[in-house]
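Have a look at target00.txt; it's compact mmCIF, C-alpha atoms:
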```
# COMPACT_ATOMS: atom_id res chain seq x y z
CA MET A 159 -46.24 127.11 -63.70
CA LEU A 160 -43.65 124.68 -65.07
CA ARG A 161 -44.95 121.97 -62.77
CA SER A 162 -48.50 122.52 -64.02
CA ALA A 163 -47.33 122.37 -67.63
CA VAL A 164 -45.49 119.10 -67.02
CA ARG A 165 -48.50 117.66 -65.19
CA ARG A 166 -50.85 118.59 -68.05
CA ALA A 167 -48.54 117.04 -70.61
CA THR A 168 -48.11 113.87 -68.55
CA GLU A 169 -51.83 113.47 -67.93
CA SER A 170 -52.53 113.97 -71.66
CA LEU A 171 -49.99 111.36 -72.77
CA PRO A 172 -52.50 108.45 -73.08
CA ALA A 173 -54.87 110.62 -75.12
CA VAL A 174 -52.03 111.83 -77.35
CA MET A 175 -50.87 108.27 -78.02
CA GLN A 176 -54.43 107.18 -78.80
CA ILE A 177 -54.98 110.08 -81.21
CA VAL A 178 -51.67 109.53 -83.00
CA ALA A 179 -52.31 105.80 -83.44
CA ALA A 180 -55.87 106.38 -84.68
CA ALA A 181 -54.84 109.17 -87.08
CA VAL A 182 -52.11 107.00 -88.62
CA ALA A 183 -54.58 104.12 -88.97
CA SER A 184 -57.17 106.34 -90.66
CA TYR A 185 -54.60 107.73 -93.07
CA SER A 186 -53.29 104.26 -93.89
CA ILE A 187 -56.75 102.86 -94.62
CA ALA A 188 -57.78 105.82 -96.77
CA HIS A 189 -54.47 106.02 -98.63
CA PHE A 190 -53.28 102.45 -99.02
CA VAL A 191 -56.59 100.57 -99.00
CA LEU A 192 -58.96 103.04 -100.67
CA GLY A 193 -56.29 104.62 -102.85
CA HIS A 194 -56.96 108.25 -101.91
CA PRO A 195 -53.79 110.25 -102.65
CA THR A 196 -54.11 112.93 -99.93
CA PRO A 197 -56.65 111.83 -97.31
CA PHE A 198 -56.07 114.73 -94.94
CA ILE A 199 -59.76 114.67 -94.01
CA ALA A 200 -59.27 111.19 -92.57
CA VAL A 201 -56.56 112.55 -90.28
CA THR A 202 -58.31 115.77 -89.24
CA VAL A 203 -61.64 114.09 -88.55
CA THR A 204 -59.95 111.44 -86.41
CA ILE A 205 -58.20 114.09 -84.34
CA THR A 206 -61.37 116.18 -84.02
CA SER A 207 -63.51 113.18 -83.06
CA LEU A 208 -61.22 111.95 -80.29
CA GLY A 209 -59.93 115.27 -78.98
CA LEU A 210 -58.05 115.93 -75.76
CA THR A 211 -61.07 116.60 -73.59
CA ARG A 212 -61.74 114.78 -70.33
CA ASP A 213 -64.97 113.38 -71.79
CA ALA A 214 -63.93 110.32 -73.81
CA ARG A 215 -67.39 108.76 -74.02
CA PRO A 216 -68.07 106.83 -77.25
CA ARG A 217 -71.24 108.88 -77.76
CA ARG A 218 -69.23 112.10 -77.83
CA VAL A 219 -66.76 110.58 -80.29
CA PHE A 220 -69.64 109.40 -82.47
CA ASP A 221 -71.35 112.80 -82.35
CA ASN A 222 -68.15 114.58 -83.36
CA ALA A 223 -67.54 112.18 -86.25
CA LEU A 224 -71.16 112.43 -87.37
CA GLY A 225 -71.05 116.21 -87.26
CA VAL A 226 -68.05 116.54 -89.54
CA THR A 227 -69.35 113.84 -91.87
CA ILE A 228 -72.65 115.68 -92.25
CA GLY A 229 -70.80 118.93 -92.89
CA ILE A 230 -68.59 117.37 -95.54
CA THR A 231 -71.39 115.51 -97.30
CA LEU A 232 -73.84 118.42 -97.26
CA SER A 233 -71.25 120.89 -98.51
CA GLY A 234 -70.20 118.44 -101.21
CA LEU A 235 -73.78 118.22 -102.46
CA MET A 236 -74.14 122.00 -102.46
CA VAL A 237 -70.87 122.48 -104.36
CA LEU A 238 -72.18 120.19 -107.09
CA VAL A 239 -75.21 122.47 -107.42
CA VAL A 240 -73.86 126.00 -106.90
CA GLY A 241 -70.15 125.56 -107.54
CA LYS A 242 -67.34 127.33 -105.66
CA GLY A 243 -66.74 130.99 -104.95
CA VAL A 244 -67.08 133.72 -102.36
CA TRP A 245 -70.86 133.77 -102.13
CA GLN A 246 -70.93 129.98 -102.27
CA ILE A 247 -68.74 129.87 -99.15
CA ALA A 248 -71.24 132.06 -97.33
CA LEU A 249 -74.19 129.98 -98.53
CA VAL A 250 -72.61 126.63 -97.61
CA LEU A 251 -71.55 127.78 -94.15
CA PHE A 252 -74.98 129.30 -93.51
CA VAL A 253 -76.84 126.13 -94.50
CA VAL A 254 -74.45 123.73 -92.74
CA LEU A 255 -74.53 125.70 -89.49
CA LEU A 256 -78.32 125.87 -89.46
CA VAL A 257 -78.79 122.20 -90.34
CA SER A 258 -76.22 121.13 -87.76
CA ARG A 259 -77.82 123.23 -85.02
CA ALA A 260 -81.18 121.69 -85.87
CA PHE A 261 -79.63 118.22 -85.84
CA SER A 262 -77.84 118.50 -82.49
CA PRO A 263 -78.10 120.80 -79.43
CA ASN A 264 -74.33 120.61 -78.97
CA PRO A 265 -72.67 123.80 -80.33
CA ALA A 266 -69.41 121.90 -80.95
CA PHE A 267 -71.29 119.64 -83.36
CA ALA A 268 -72.22 122.59 -85.60
CA VAL A 269 -68.75 124.14 -85.39
CA ALA A 270 -67.05 120.88 -86.39
CA ALA A 271 -69.41 120.47 -89.34
CA ALA A 272 -68.88 124.07 -90.48
CA VAL A 273 -65.08 123.84 -90.32
CA GLN A 274 -65.01 120.77 -92.54
CA SER A 275 -67.58 122.22 -94.94
CA GLY A 276 -65.38 125.28 -95.35
CA ILE A 277 -62.49 123.02 -96.32
CA VAL A 278 -64.65 121.33 -98.95
CA VAL A 279 -65.63 124.65 -100.54
CA ILE A 280 -62.18 126.25 -100.45
CA VAL A 281 -59.72 123.40 -101.09
CA PRO A 282 -59.60 121.97 -104.63
CA ASP A 283 -61.45 118.70 -105.07
CA PRO A 284 -59.35 115.54 -104.84
CA SER A 285 -59.03 113.40 -107.90
CA GLY A 286 -61.09 110.25 -108.02
CA MET A 287 -64.68 109.40 -107.33
CA ALA A 288 -67.21 111.86 -105.97
CA PHE A 289 -67.54 112.35 -102.23
CA THR A 290 -64.05 111.03 -101.55
CA ARG A 291 -63.85 113.28 -98.51
CA SER A 292 -67.12 111.93 -97.14
CA LEU A 293 -65.74 108.42 -97.38
CA ASP A 294 -62.56 109.54 -95.61
CA ALA A 295 -64.69 111.07 -92.85
CA ILE A 296 -66.61 107.82 -92.41
CA VAL A 297 -63.35 105.89 -92.19
CA ALA A 298 -62.08 108.35 -89.58
CA GLY A 299 -65.25 108.05 -87.51
CA VAL A 300 -65.12 104.26 -87.49
CA VAL A 301 -61.43 104.25 -86.59
CA ALA A 302 -62.02 106.78 -83.79
CA LEU A 303 -64.73 104.57 -82.27
CA LEU A 304 -62.55 101.49 -82.56
CA ALA A 305 -59.68 103.36 -80.92
CA THR A 306 -61.98 104.33 -78.05
CA ALA A 307 -62.73 100.66 -77.43
CA LEU A 308 -59.42 98.99 -78.31
CA ILE A 309 -56.93 101.70 -77.27
CA PRO A 310 -58.74 103.15 -74.25
CA ARG A 311 -57.24 106.05 -72.34
CA ASN A 312 -57.81 104.31 -69.01
CA PRO A 313 -60.40 106.84 -67.81
CA ASN A 314 -60.41 104.98 -64.49
CA ARG A 315 -57.19 106.77 -63.68
CA ASP A 316 -58.77 110.17 -64.31
CA ALA A 317 -61.78 109.24 -62.20
CA SER A 318 -59.57 108.01 -59.35
CA ARG A 319 -57.51 111.19 -59.44
CA GLU A 320 -60.60 113.39 -59.27
CA ARG A 321 -62.03 111.25 -56.45
CA ARG A 322 -58.93 111.78 -54.33
CA ARG A 323 -58.99 115.51 -54.98
CA LEU A 324 -62.64 115.77 -53.97
CA PHE A 325 -62.29 113.80 -50.74
CA ALA A 326 -59.18 115.78 -49.85
CA ALA A 327 -60.99 119.08 -50.43
CA VAL A 328 -64.03 118.02 -48.39
CA GLY A 329 -61.74 116.79 -45.64
CA GLU A 330 -59.94 120.12 -45.43
CA GLY A 331 -63.20 122.03 -45.30
CA THR A 332 -64.64 119.78 -42.61
CA ALA A 333 -61.49 120.07 -40.52
CA SER A 334 -61.96 123.84 -40.49
CA VAL A 335 -65.57 123.42 -39.35
CA VAL A 336 -64.38 121.18 -36.51
CA ASP A 337 -61.83 123.82 -35.49
CA CYS A 338 -64.55 126.45 -35.59
CA LEU A 339 -66.78 124.53 -33.17
CA ARG A 340 -64.01 123.30 -30.89
CA ASP A 341 -62.25 126.65 -30.49
CA ALA A 342 -65.16 129.05 -31.11
CA ASP A 343 -63.14 130.32 -34.05
CA GLU A 344 -65.34 132.30 -36.40
CA ALA A 345 -62.54 132.67 -38.95
CA ALA A 346 -62.15 128.89 -39.13
CA GLY A 347 -65.84 128.59 -39.93
CA GLU A 348 -65.50 131.09 -42.77
CA LEU A 349 -62.46 129.23 -44.06
CA GLY A 350 -64.33 125.93 -43.92
CA LEU A 351 -67.24 127.36 -45.89
CA THR A 352 -64.86 128.78 -48.50
CA ARG A 353 -63.10 125.44 -48.87
CA LEU A 354 -66.35 123.51 -49.14
CA ARG A 355 -67.68 125.87 -51.79
CA ARG A 356 -64.60 125.09 -53.85
CA THR A 357 -65.49 121.40 -53.97
CA GLN A 358 -68.05 121.82 -56.77
CA PRO A 359 -65.46 121.87 -59.58
CA HIS A 360 -64.02 118.63 -58.17
CA ILE A 361 -67.51 117.11 -58.09
CA ASP A 362 -68.13 118.13 -61.70
CA ALA A 363 -64.75 116.83 -62.84
CA TRP A 364 -65.21 113.49 -61.08
CA THR A 365 -68.73 113.16 -62.51
CA THR A 366 -67.46 113.71 -66.05
CA SER A 367 -64.52 111.35 -65.61
CA LEU A 368 -66.68 108.66 -64.05
CA GLU A 369 -69.38 108.85 -66.70
CA SER A 370 -66.70 108.67 -69.37
CA ALA A 371 -65.01 105.71 -67.68
CA ILE A 372 -68.27 103.76 -67.45
CA ALA A 373 -69.19 104.46 -71.08
CA VAL A 374 -65.76 103.36 -72.33
CA ALA A 375 -65.69 100.28 -70.08
CA LYS A 376 -69.01 99.09 -71.51
CA ILE A 377 -67.56 98.79 -75.03
CA SER A 378 -63.91 98.03 -74.26
CA PRO A 379 -63.00 94.37 -73.75
CA PHE A 380 -59.99 95.51 -71.74
CA LEU A 381 -61.93 97.60 -69.22
CA ARG A 382 -65.26 95.78 -68.92
CA ALA A 383 -64.08 93.90 -65.84
CA ARG A 384 -63.80 97.22 -63.99
CA LEU A 385 -67.48 98.08 -64.33
CA PRO A 386 -68.36 96.86 -60.79
CA GLU A 387 -65.61 99.06 -59.39
CA LEU A 388 -66.86 102.04 -61.39
CA HIS A 389 -70.46 101.53 -60.29
CA ARG A 390 -69.22 101.44 -56.71
CA ASP A 391 -67.53 104.78 -57.33
CA VAL A 392 -70.88 106.18 -58.47
CA ARG A 393 -72.15 105.45 -54.96
CA PHE A 394 -69.09 107.11 -53.44
CA LEU A 395 -69.59 110.16 -55.64
CA ALA A 396 -73.21 110.52 -54.56
CA ALA A 397 -72.18 110.31 -50.90
CA ALA A 398 -69.40 112.87 -51.31
CA GLU A 399 -71.60 115.29 -53.25
CA LEU A 400 -74.43 115.14 -50.71
CA ALA A 401 -71.96 115.42 -47.85
CA SER A 402 -70.42 118.50 -49.42
CA ARG A 403 -73.82 120.18 -49.65
CA HIS A 404 -74.72 119.29 -46.06
CA LEU A 405 -71.36 120.48 -44.81
CA ARG A 406 -71.69 123.86 -46.53
CA THR A 407 -74.92 124.43 -44.63
CA LEU A 408 -73.26 123.16 -41.47
CA ALA A 409 -70.30 125.50 -41.92
CA ARG A 410 -72.59 128.51 -42.26
CA ARG A 411 -74.45 127.45 -39.14
CA ALA A 412 -71.27 126.82 -37.16
CA GLU A 413 -69.81 130.19 -38.10
CA PHE A 414 -72.99 131.85 -36.81
CA LEU A 415 -73.14 129.82 -33.59
CA VAL A 416 -69.62 130.59 -32.39
CA ARG A 417 -70.15 134.33 -32.54
CA ASP A 418 -71.15 134.06 -28.89
CA GLY A 419 -67.59 132.92 -28.08
CA VAL A 420 -68.72 129.59 -26.57
CA LYS A 421 -66.66 126.52 -27.42
CA ARG A 422 -68.64 123.44 -28.47
CA PRO A 423 -66.35 120.41 -28.15
CA ALA A 424 -69.23 117.91 -28.20
CA LEU A 425 -70.48 119.17 -31.55
CA ALA A 426 -66.93 119.32 -32.86
CA GLU A 427 -66.35 115.70 -31.86
CA ILE A 428 -69.42 114.32 -33.61
CA VAL A 429 -68.67 116.33 -36.77
CA ALA A 430 -65.11 115.00 -36.68
CA ARG A 431 -66.40 111.42 -36.42
CA LEU A 432 -68.64 111.88 -39.43
CA ALA A 433 -65.72 113.44 -41.30
CA THR A 434 -63.60 110.41 -40.47
CA GLY A 435 -66.32 108.18 -41.86
CA LEU A 436 -66.34 110.18 -45.08
CA ARG A 437 -62.55 109.90 -45.32
CA LEU A 438 -62.75 106.13 -44.87
CA ILE A 439 -65.30 105.92 -47.69
CA GLY A 440 -62.76 107.60 -49.95
CA GLU A 441 -59.96 105.32 -48.77
CA GLU A 442 -62.06 102.21 -49.36
CA ALA A 443 -61.79 102.73 -53.12
CA ASP A 444 -57.99 102.42 -52.94
CA ASP A 445 -57.63 99.97 -50.06
CA PRO A 446 -60.18 97.13 -49.86
CA GLN A 447 -58.87 96.28 -46.38
CA VAL A 448 -60.68 99.28 -44.91
CA SER A 449 -63.96 98.06 -46.38
CA GLY A 450 -66.55 98.07 -43.63
CA ALA A 451 -64.62 100.45 -41.38
CA ALA A 452 -66.58 103.46 -42.58
CA ARG A 453 -69.93 101.74 -42.09
CA SER A 454 -69.00 100.61 -38.58
CA LEU A 455 -67.87 104.06 -37.50
CA LEU A 456 -70.83 105.84 -39.10
CA THR A 457 -73.28 103.35 -37.58
CA ASP A 458 -72.03 104.16 -34.09
CA ALA A 459 -72.12 107.89 -34.82
CA ALA A 460 -75.66 107.75 -36.22
CA ARG A 461 -76.97 106.02 -33.10
CA GLN A 462 -75.76 108.94 -30.99
CA LEU A 463 -77.32 111.72 -33.05
CA ASP A 464 -79.77 112.72 -30.37
CA PRO A 465 -79.61 116.30 -29.05
CA SER A 466 -80.31 115.04 -25.54
CA ILE A 467 -77.18 112.86 -25.74
CA ILE A 468 -74.71 115.18 -27.46
CA VAL A 469 -75.79 118.56 -26.04
CA PRO A 470 -78.09 117.72 -23.10
CA ASP A 471 -77.79 121.23 -21.67
CA GLY A 472 -77.30 123.00 -24.97
CA HIS A 473 -79.28 125.85 -26.40
CA VAL A 474 -81.98 125.11 -28.94
CA THR A 475 -79.63 126.30 -31.69
CA ASP A 476 -77.07 123.68 -30.66
CA GLN A 477 -79.76 121.02 -30.63
CA ALA A 478 -80.87 122.11 -34.09
CA MET A 479 -77.33 121.59 -35.34
CA VAL A 480 -77.37 118.01 -34.10
CA LEU A 481 -80.56 117.47 -36.06
CA MET A 482 -78.82 118.87 -39.15
CA LEU A 483 -76.22 116.12 -38.84
CA ARG A 484 -78.79 113.32 -39.08
CA PRO A 485 -79.41 113.48 -42.87
CA LEU A 486 -75.65 113.78 -43.38
CA ALA A 487 -75.11 110.55 -41.45
CA VAL A 488 -77.82 108.79 -43.47
CA ASP A 489 -76.31 109.89 -46.78
CA LEU A 490 -72.86 108.71 -45.72
CA LEU A 491 -74.21 105.33 -44.62
CA VAL A 492 -75.94 104.95 -47.98
CA GLY A 493 -72.56 105.72 -49.52
CA THR A 494 -71.17 102.64 -47.78
CA GLY A 495 -73.82 100.51 -49.49
CA MET A 496 -76.37 100.40 -46.67
CA PRO A 497 -80.03 100.61 -47.75
CA ILE A 498 -81.52 103.99 -46.91
CA GLU A 499 -84.31 102.50 -44.79
CA GLU A 500 -81.76 100.66 -42.67
CA ALA A 501 -79.67 103.81 -42.31
CA ARG A 502 -82.66 105.86 -41.17
CA ALA A 503 -83.63 103.18 -38.67
CA LEU A 504 -80.30 103.68 -36.89
CA LEU A 505 -81.18 107.23 -35.90
CA PRO A 506 -82.57 107.56 -32.36
CA GLU A 507 -86.08 108.85 -31.83
CA VAL A 508 -86.24 112.56 -31.04
```
Would you write the structure of this file as C-alpha cells?
Amino acid sequence: MLRSAVRRATESLPAVMQIVAAAVASYSIAHFVLGHPTPFIAVTVTITSLGLTRDARPRRVFDNALGVTIGITLSGLMVLVVGKGVWQIALVLFVVLLVSRAFSPNPAFAVAAAVQSGIVVIVPDPSGMAFTRSLDAIVAGVVALLATALIPRNPNRDASRERRRLFAAVGEGTASVVDCLRDADEAAGELGLTRLRRTQPHIDAWTTSLESAIAVAKISPFLRARLPELHRDVRFLAAAELASRHLRTLARRAEFLVRDGVKRPALAEIVARLATGLRLIGEEADDPQVSGAARSLLTDAARQLDPSIIVPDGHVTDQAMVLMLRPLAVDLLVGTGMPIEEARALLPEV
C-alpha cells in the first residue's frame, strides 16, 4: 500500500507542479494586474480546469474553464435580479445545472458550473466593478490553457508507461495459452483467458493517455516534434488491442481443445511465434534498433499459416484454430506499418 501511495504521488508530481505554477500565475494577474483584492476564483478555477486526471487534453481544460465561467456569469446575472437568500440559492443552482446540462453532455461540466455559482450566491460580493469573479474565471481559463501548452505534463511518459503495461499483460496471457496447447493444460488456458480479459483497462488507459499526449503535442512547441512518434504509437495500440481480442477467442478455443488430453506442440509453436512478434512491436517503441524485426518474424509466420502445413494430420478443430490465427497475423503485420493488402497477400491459399 505504501509503495502504491508513493507511486501515485510520484506520477502526479508533474501535474502538481503545473497546477501550482498556473494557480500562482492566475492569482498574480488578477491581484497585481487587475487589482482584485481577493481573487480566489482565479485560483480555484485554474485548479479545477487543469485537475489531476490522466486526460490533459486542451479541449477538456477549455470545457472545464468554460463551465465554471458560465456558472459564475449566469449566477451573477441572476443575483442582480433576484438578490441573495435561501430560495435564491435553490433557484440559481436549479437554473445553472439545467443550462449547463443543455450546454454540454459532460456531467462534470454542470457540476463545476454549479459549484462556482453556489460560491457567487453565498459569498459576499467583492468590492470593485461588476462581474469581477467572471473576469477572474476568464483569466484562470486562459492561464490554464497556456499552462497546458507551455508547461506540459509530458503525457508521452504516461502513454509509454501504459503501453509497457499492456504489452506485458498480453504477453503473460499469451504465454499461458502457449502452455495450454503445449502441455494440454486446461488450467493454463483458463489462466490465459483471465489474464487477457484483464487487458481492457490497460487498453483504455493507454488510449486516454495517447489521445491526451497527441492533443497536447499539437499545441505545445516543446512536444510538437514528438507527434510522429505518437502517431506511430496509435498504430501499435491498434495492433495490441486487436491482438488482445483475437487472443481471448483463441484462449477459449485452446482451453476447449485440450480437454481431450492431447498435446499440440505445433499449434503452441506458431502461437508463440506470433506472441514474439507482438512483443517485438512493443519493444520497437523503446528501441529503434529492433525496428523491422517484428515484421520479418511475422512475415515468416504468416506464410506458414496453412492447416496442411502446421497440423497436416490434425483434426478439423485443430485446423480451424490455425485459420483463427490468420487474421491475428494480418493485424500484427499492419501494426508494423505494412499495408493490409500486402499483409493479406502473405497468407497461403487454403
Emit as JSON the padded axis-aligned box for all listed atoms of range 292-309 of chain A, 4 Å per side, with centre and edge lengths in Å to one decimal.
```
{"center_x": -62.0, "center_y": 105.5, "center_z": -87.3, "size_x": 18.2, "size_y": 20.9, "size_z": 28.1}
```
> How many Å separate CA of Ser378 in chain A from CA of Ile309 in chain A?
Replying inline: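 Going from CA of Ser378 in chain A over to CA of Ile309 in chain A, I get 8.4 Å.
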> Looking at A:Leu293, A:Val300, A:Ala248, A:Ala401, which one is nearest to Gly331 in chain A, with distances taken over all atoms listed in the file?
Replying inline: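 Of the candidates, the smallest distance to Gly331 in chain A is held by A:Ala401.
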>> So that I can check the surroundings of range 383-391 of chain A, please list as a PyMOL selection string every protein, DNA and RNA residue that reaches within 8 Å of it, counting all atoms listed in the file and ignoring chain neighbours fewer than 5 positions away.
In response: chain A and resi 314+368+371-372+375-376+443
>> If I take CA of Ala409 in chain A and CA of Met479 in chain A, how far is one from the other in Å, to one decimal?
In response: 10.4 Å
> A:Met496, A:Leu224, A:Ala317, A:Ala200: which is nearest Ala270 in chain A, counting only C-alpha atoms?
Replying inline: A:Leu224
Give as a compact mmCIF listing (two decimals) with C-alpha atoms, in the coordinates of the input every residue, naming chains and numbers as the document does, that has an atom within 8 Å of (-68.5, 116.4, -84.8), counting all atoms listed in the file.
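Okay, this is what ended up in out16.txt:
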```
# COMPACT_ATOMS: atom_id res chain seq x y z
CA THR A 206 -61.37 116.18 -84.02
CA SER A 207 -63.51 113.18 -83.06
CA VAL A 219 -66.76 110.58 -80.29
CA PHE A 220 -69.64 109.40 -82.47
CA ASP A 221 -71.35 112.80 -82.35
CA ASN A 222 -68.15 114.58 -83.36
CA ALA A 223 -67.54 112.18 -86.25
CA LEU A 224 -71.16 112.43 -87.37
CA GLY A 225 -71.05 116.21 -87.26
CA VAL A 226 -68.05 116.54 -89.54
CA THR A 227 -69.35 113.84 -91.87
CA ALA A 266 -69.41 121.90 -80.95
CA PHE A 267 -71.29 119.64 -83.36
CA ALA A 268 -72.22 122.59 -85.60
CA VAL A 269 -68.75 124.14 -85.39
CA ALA A 270 -67.05 120.88 -86.39
CA ALA A 271 -69.41 120.47 -89.34
```
Per-residue nearest contacts of range 277-337 of chain A to range 174-188 of chain A (10 Å; all atoms listed in the file) as JSON lines:
```
{"residue": "A:Thr290", "atom": "CA", "partner": "A:Ala188", "partner_atom": "CA", "distance": 9.5}
{"residue": "A:Arg291", "atom": "CA", "partner": "A:Ala188", "partner_atom": "CA", "distance": 9.8}
{"residue": "A:Leu293", "atom": "CA", "partner": "A:Ala188", "partner_atom": "CA", "distance": 8.4}
{"residue": "A:Asp294", "atom": "CA", "partner": "A:Ala188", "partner_atom": "CA", "distance": 6.2}
{"residue": "A:Ala295", "atom": "CA", "partner": "A:Ser184", "partner_atom": "CA", "distance": 9.1}
{"residue": "A:Ile296", "atom": "CA", "partner": "A:Ser184", "partner_atom": "CA", "distance": 9.7}
{"residue": "A:Val297", "atom": "CA", "partner": "A:Ser184", "partner_atom": "CA", "distance": 6.4}
{"residue": "A:Ala298", "atom": "CA", "partner": "A:Ser184", "partner_atom": "CA", "distance": 5.4}
{"residue": "A:Gly299", "atom": "CA", "partner": "A:Ser184", "partner_atom": "CA", "distance": 8.8}
{"residue": "A:Val300", "atom": "CA", "partner": "A:Ser184", "partner_atom": "CA", "distance": 8.8}
{"residue": "A:Val301", "atom": "CA", "partner": "A:Ser184", "partner_atom": "CA", "distance": 6.3}
{"residue": "A:Ala302", "atom": "CA", "partner": "A:Ala180", "partner_atom": "CA", "distance": 6.2}
{"residue": "A:Leu303", "atom": "CA", "partner": "A:Ala180", "partner_atom": "CA", "distance": 9.4}
{"residue": "A:Leu304", "atom": "CA", "partner": "A:Ala180", "partner_atom": "CA", "distance": 8.5}
{"residue": "A:Ala305", "atom": "CA", "partner": "A:Ala180", "partner_atom": "CA", "distance": 6.1}
{"residue": "A:Thr306", "atom": "CA", "partner": "A:Gln176", "partner_atom": "CA", "distance": 8.1}
{"residue": "A:Leu308", "atom": "CA", "partner": "A:Gln176", "partner_atom": "CA", "distance": 9.6}
{"residue": "A:Ile309", "atom": "CA", "partner": "A:Gln176", "partner_atom": "CA", "distance": 6.2}
{"residue": "A:Pro310", "atom": "CA", "partner": "A:Gln176", "partner_atom": "CA", "distance": 7.5}
{"residue": "A:Arg311", "atom": "CA", "partner": "A:Gln176", "partner_atom": "CA", "distance": 7.1}
```
> Pick from A:Ala260, A:Ile205, A:Leu504, A:Val279: nearest to Gly241 in chain A, with only C-alpha atoms counted?
Replying inline: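 Looking only at the distances to Gly241 in chain A, the closest residue turns out to be A:Val279.
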> Do you have the CA of Val336 in chain A-CA of Ala426 in chain A distance handy?
Replying inline: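 One can read the CA of Val336 in chain A to CA of Ala426 in chain A distance as 4.8 Å.
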>> Taking all atoms listed in the file into account, name the residue in A:Leu491, A:Ile498, A:Leu425, A:Ala396 that is nearest to Leu339 in chain A.
In response: A:Leu425
> Which residue, A:Pro284, A:Pro506, A:Pro497, A:Gly276, has the smallest gap to Phe198 in chain A when you use all atoms listed in the file?
Replying inline: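 Closest to Phe198 in chain A of all the choices is A:Pro284.
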>> Measuring between only C-alpha atoms, which one of A:Val164, A:Ile439, A:Leu415, A:Ala424 shows the shortest distance to Asp471 in chain A?
In response: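 The shortest atom-to-atom distance to Asp471 in chain A comes from A:Ala424.
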>> With 12 Å as the threshold, what does the neighbourhood of (-64.8, 101.1, -40.2) contain in terms of residues, counting only C-alpha atoms? Coordinates are those of the file; answer as a PyMOL selection string.
In response: chain A and resi 431-432+434-442+446-459+491+494
Polymer residues at most 9 Å from Gly347 in chain A, only C-alpha atoms, same-chain spacing of 5 or more positions, as a CSV table (one decimal) with C-alpha atoms, keeping the file's coordinate frame:
```
chain,number,residue,atom,x,y,z
A,331,GLY,CA,-63.2,122.0,-45.3
A,334,SER,CA,-62.0,123.8,-40.5
A,335,VAL,CA,-65.6,123.4,-39.4
A,336,VAL,CA,-64.4,121.2,-36.5
A,337,ASP,CA,-61.8,123.8,-35.5
A,338,CYS,CA,-64.6,126.4,-35.6
A,339,LEU,CA,-66.8,124.5,-33.2
A,342,ALA,CA,-65.2,129.0,-31.1
A,352,THR,CA,-64.9,128.8,-48.5
A,409,ALA,CA,-70.3,125.5,-41.9
A,410,ARG,CA,-72.6,128.5,-42.3
A,411,ARG,CA,-74.4,127.4,-39.1
A,412,ALA,CA,-71.3,126.8,-37.2
A,413,GLU,CA,-69.8,130.2,-38.1
A,414,PHE,CA,-73.0,131.8,-36.8
A,416,VAL,CA,-69.6,130.6,-32.4
```
>> Report as a PyMOL selection string all protein, DNA and RNA residues lying within 8 Å of Val250 in chain A, evaluated on all atoms listed in the file, omitting residues in the same chain fewer than 4 positions from it.
In response: chain A and resi 233+236+246+254+275-276+279
Extract, using only C-alpha atoms, all DNA, RNA and protein residues at most 9 Å from Leu354 in chain A, discarding same-chain residues fewer than 4 positions from it, and format them as a JSON list (two decimals) with C-alpha atoms, keeping the file's coordinate frame.
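Result file follows (around_7.json):
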```json
[["chain", "number", "residue", "atom", "x", "y", "z"],
["A", 327, "ALA", "CA", -60.99, 119.08, -50.43],
["A", 328, "VAL", "CA", -64.03, 118.02, -48.39],
["A", 329, "GLY", "CA", -61.74, 116.79, -45.64],
["A", 330, "GLU", "CA", -59.94, 120.12, -45.43],
["A", 331, "GLY", "CA", -63.20, 122.03, -45.30],
["A", 332, "THR", "CA", -64.64, 119.78, -42.61],
["A", 349, "LEU", "CA", -62.46, 129.23, -44.06],
["A", 350, "GLY", "CA", -64.33, 125.93, -43.92],
["A", 358, "GLN", "CA", -68.05, 121.82, -56.77],
["A", 402, "SER", "CA", -70.42, 118.50, -49.42],
["A", 403, "ARG", "CA", -73.82, 120.18, -49.65],
["A", 405, "LEU", "CA", -71.36, 120.48, -44.81],
["A", 406, "ARG", "CA", -71.69, 123.86, -46.53],
["A", 409, "ALA", "CA", -70.30, 125.50, -41.92]]
```
